[in-house]
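Colleague: Quick one: this structure, given as structure tokens, is what I'll be asking you about.
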Amino acid sequence: MDSFSKKVRTFDAFPKIDSEHTVQSKRGGLSTLLTGFCALLILWVEVGGYLGGYVDHQFKIDDQVNTDMSINLDMLVAMPCEFLHTNVMDITDDRFLAAELLNFQGTDFILPEGFQINKHNDAHDTPDLDEIMQETLRAEFRVSGARIHEDAPACHIFGSIPVNQVSGDFRITGKGFGYRDRLIVPFQALNFSHVIKEFSYGDFYPFINNPLDFTGRTTEEKLQAFKYYSKVVPTMYERLGIEIDTNQYSLSEQHRVYKTDPRGRPQGVPGIYFHYDFEPVKLIISEKRIPFLQFVARLGTILGGIIILAGYLYRMSEKLIKILYGKKYAERDTEKKKGGLLDS
């Protein structure tokens, strides 16, 4: 049996260090503890990352043919409802009188606290997966086509409008401006100051923050035109088999004041314009997890790298101590194990 053990040791690919060549020291023990602590810390992080998964972002061509979608709106305009005209027109020359489905409620014009008024809107960040999963409570406006107190100083407009999924405009103008109407609003009554609580595309999720939400613009000009241009990107969020199909959009703005011609007529149509255009790509944000065997291989590679790196750093530190303080100082507090030839 002893001869067999000797033969096995002879063919050992990783021969062990004899006890007489090993040296114990406080610095070596400390480095071992630090290495073990770092290894446990990385092990804890990697296991947590594996269990929690990771968020993957991918773009793909939107191959779904969607003919229509909704514009969800909740805003306040500083004009009486009876003076306002709402209309949708797209590149197919299809017109839709949005007033048939929107709700008009007369009220007073106020600037709510917490709204960004007359500020540049740069809130174009994509909502993360956790935020969407927490805030996606689908809702619908309970009424449509209601008209209450239309002669009040301001008008609360809210509701959902079905539109064709092509480039188009949703417009809020004064009656008699841009469209024929029995009533022509006088210049002195025009005031397109407004605040927007909700403006989104697709299914109505009232708790998801969009670029136009909680914003507003005020003006003293009567022939003011506020123009918002949005690029709509279909977005799908996936987690644990749950899919939430929504839309997000980027925003740019252009505002101008029209002048009048020699006859006193405005050289443009004042109002509030929401221009929308749809991108041919779809963003998919999903939670994924790496395969288990890949995780084990990754974990072994990281832990092995830590051990090798710790050995290199320890040897470098020992050489540096010898250079700076001498060999005697470096060998202080070391304990050589018994078993060598000189021990006898």
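As shown in the structure tokens, the chain order sets the letters A, B, ...; within each chain, residues go from 1, and ligands are also counted from 1 in the order they appear.
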What's around region 29-45 of chain A at 9 Å? Count only C-alpha atoms, leave out sequence neighbours fewer than 6 positions away in its own chain, and write the answer as number ranges by chain.
Modeller: A: 299, 302-303, 306-307, 310-311, 314
Colleague: Please provide the set of residues having any atom within 8 Å of Tyr201 (chain A), restricted to only C-alpha atoms, with same-chain residues fewer than 6 positions apart removed, written as a VMD selection string.
Modeller: chain A and resid 69 to 72 232 246 to 248
Colleague: Export C-alpha atoms of the chosen residues as an mmCIF file, in the first residue's frame?
Modeller:
```cif
data_model
loop_
_atom_site.group_PDB
_atom_site.id
_atom_site.type_symbol
_atom_site.label_atom_id
_atom_site.label_comp_id
_atom_site.auth_asym_id
_atom_site.auth_seq_id
_atom_site.Cartn_x
_atom_site.Cartn_y
_atom_site.Cartn_z
ATOM 1 C CA MET A 69 -54.572 53.535 -31.421
ATOM 2 C CA SER A 70 -55.696 56.037 -28.796
ATOM 3 C CA ILE A 71 -54.490 59.433 -27.664
ATOM 4 C CA ASN A 72 -55.131 59.927 -23.951
ATOM 5 C CA VAL A 232 -43.741 57.419 -30.769
ATOM 6 C CA THR A 246 -47.350 50.360 -24.297
ATOM 7 C CA ASN A 247 -45.811 53.336 -26.099
ATOM 8 C CA GLN A 248 -43.241 55.930 -25.198
#
```
Colleague: Would you mind writing down, as a ChimeraX atom specification, each residue of region 38-121 of chain A that DSSP on the backbone assigns to strand (DSSP E)?
Modeller: /A:54-61,68-77,84-90,95-96,103-107,116-117
Colleague: Would you put the residues from that selection into a file with C-alpha atoms, as an mmCIF file, in the first residue's frame?
Modeller:
```cif
data_model
loop_
_atom_site.group_PDB
_atom_site.id
_atom_site.type_symbol
_atom_site.label_atom_id
_atom_site.label_comp_id
_atom_site.auth_asym_id
_atom_site.auth_seq_id
_atom_site.Cartn_x
_atom_site.Cartn_y
_atom_site.Cartn_z
ATOM 1 C CA TYR A 54 -30.743 41.086 -15.676
ATOM 2 C CA VAL A 55 -32.690 43.512 -17.869
ATOM 3 C CA ASP A 56 -32.179 43.134 -21.606
ATOM 4 C CA HIS A 57 -32.975 45.915 -24.118
ATOM 5 C CA GLN A 58 -33.507 44.977 -27.753
ATOM 6 C CA PHE A 59 -34.815 46.778 -30.808
ATOM 7 C CA LYS A 60 -36.582 44.928 -33.600
ATOM 8 C CA ILE A 61 -38.596 45.842 -36.662
ATOM 9 C CA ASP A 68 -55.467 52.479 -34.947
ATOM 10 C CA MET A 69 -54.572 53.535 -31.421
ATOM 11 C CA SER A 70 -55.696 56.037 -28.796
ATOM 12 C CA ILE A 71 -54.490 59.433 -27.664
ATOM 13 C CA ASN A 72 -55.131 59.927 -23.951
ATOM 14 C CA LEU A 73 -55.525 63.536 -22.881
ATOM 15 C CA ASP A 74 -56.141 65.428 -19.654
ATOM 16 C CA MET A 75 -55.389 69.155 -19.799
ATOM 17 C CA LEU A 76 -56.639 72.614 -18.876
ATOM 18 C CA VAL A 77 -56.873 75.512 -21.385
ATOM 19 C CA LEU A 84 -62.608 75.829 -28.480
ATOM 20 C CA HIS A 85 -62.504 73.575 -31.510
ATOM 21 C CA THR A 86 -60.732 70.178 -31.396
ATOM 22 C CA ASN A 87 -59.852 68.209 -34.481
ATOM 23 C CA VAL A 88 -57.581 65.366 -35.658
ATOM 24 C CA MET A 89 -56.127 65.271 -39.151
ATOM 25 C CA ASP A 90 -53.535 62.787 -40.455
ATOM 26 C CA ARG A 95 -60.397 64.134 -40.229
ATOM 27 C CA PHE A 96 -62.016 63.307 -36.944
ATOM 28 C CA ASN A 103 -65.150 65.742 -22.329
ATOM 29 C CA PHE A 104 -65.320 69.510 -21.839
ATOM 30 C CA GLN A 105 -65.776 70.783 -18.308
ATOM 31 C CA GLY A 106 -65.793 74.500 -17.520
ATOM 32 C CA THR A 107 -63.674 75.608 -14.557
ATOM 33 C CA GLN A 116 -43.182 72.490 -14.792
ATOM 34 C CA ILE A 117 -44.452 75.743 -16.263
#
```
Colleague: One decimal, Å: what's the distance from CA of Gln224 (chain A) over to CA of Tyr273 (chain A), could you say?
Modeller: 11.1 Å
Colleague: Please identify which residues in region 194-315 of chain A DSSP calls helix (DSSP H, G or I) from the backbone, and express them as a list in words.
Modeller: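 Selecting the helix (DSSP H, G or I) positions of region 194-315 of chain A gives Phe292, Leu293, Gln294, Phe295, Val296, Ala297, Arg298, Leu299, Gly300, Thr301, Ile302, Leu303, Gly304, Gly305, Ile306, Ile307, Ile308, Leu309, Ala310, Gly311, Tyr312, Leu313, Tyr314 and Arg315 of chain A.
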Colleague: Which region 242-307 of chain A residues have any atom within 9 Å of an atom of region 163-182 of chain A, and for each, what is the nearest pair of atoms with distance in Å to one decimal, counting only C-alpha atoms, rows sorted by chain and number, as CSV?
Modeller:
```
residue,atom,partner,partner_atom,distance
A:Gly268,CA,A:Gly178,CA,8.4
A:Val269,CA,A:Gly178,CA,5.9
A:Pro270,CA,A:Thr173,CA,6.5
A:Gly271,CA,A:Thr173,CA,4.4
A:Ile272,CA,A:Ile172,CA,5.1
A:Tyr273,CA,A:Arg171,CA,4.7
A:Phe274,CA,A:Phe170,CA,5.1
A:His275,CA,A:Asp169,CA,4.4
A:Tyr276,CA,A:Ser167,CA,5.6
A:Asp277,CA,A:Ser167,CA,4.5
A:Phe278,CA,A:Val166,CA,6.6
```
Colleague: Find the distance between CA of Ile110 (chain A) and CA of Leu97 (chain A) and write it in Å to one decimal.
Modeller: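 Atom-to-atom, CA of Ile110 (chain A) and CA of Leu97 (chain A) are spaced 27.0 Å apart.
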Colleague: Closest to Thr235 (chain A) among A:Ile285, A:Leu183, A:Ala154, A:Leu313, using only C-alpha atoms?
Modeller: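 Of all the options, A:Ile285 lies closest to Thr235 (chain A).
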Colleague: Go through A:Asp128, A:Glu140, A:Asp62, A:Glu150 one by one, measure the shortest atom-to-atom distance of each to Glu238 (chain A) using only C-alpha atoms, and give the residue with the smallest value.
Modeller: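 Looking at the shortest contact to Glu238 (chain A), the residue is A:Asp128.
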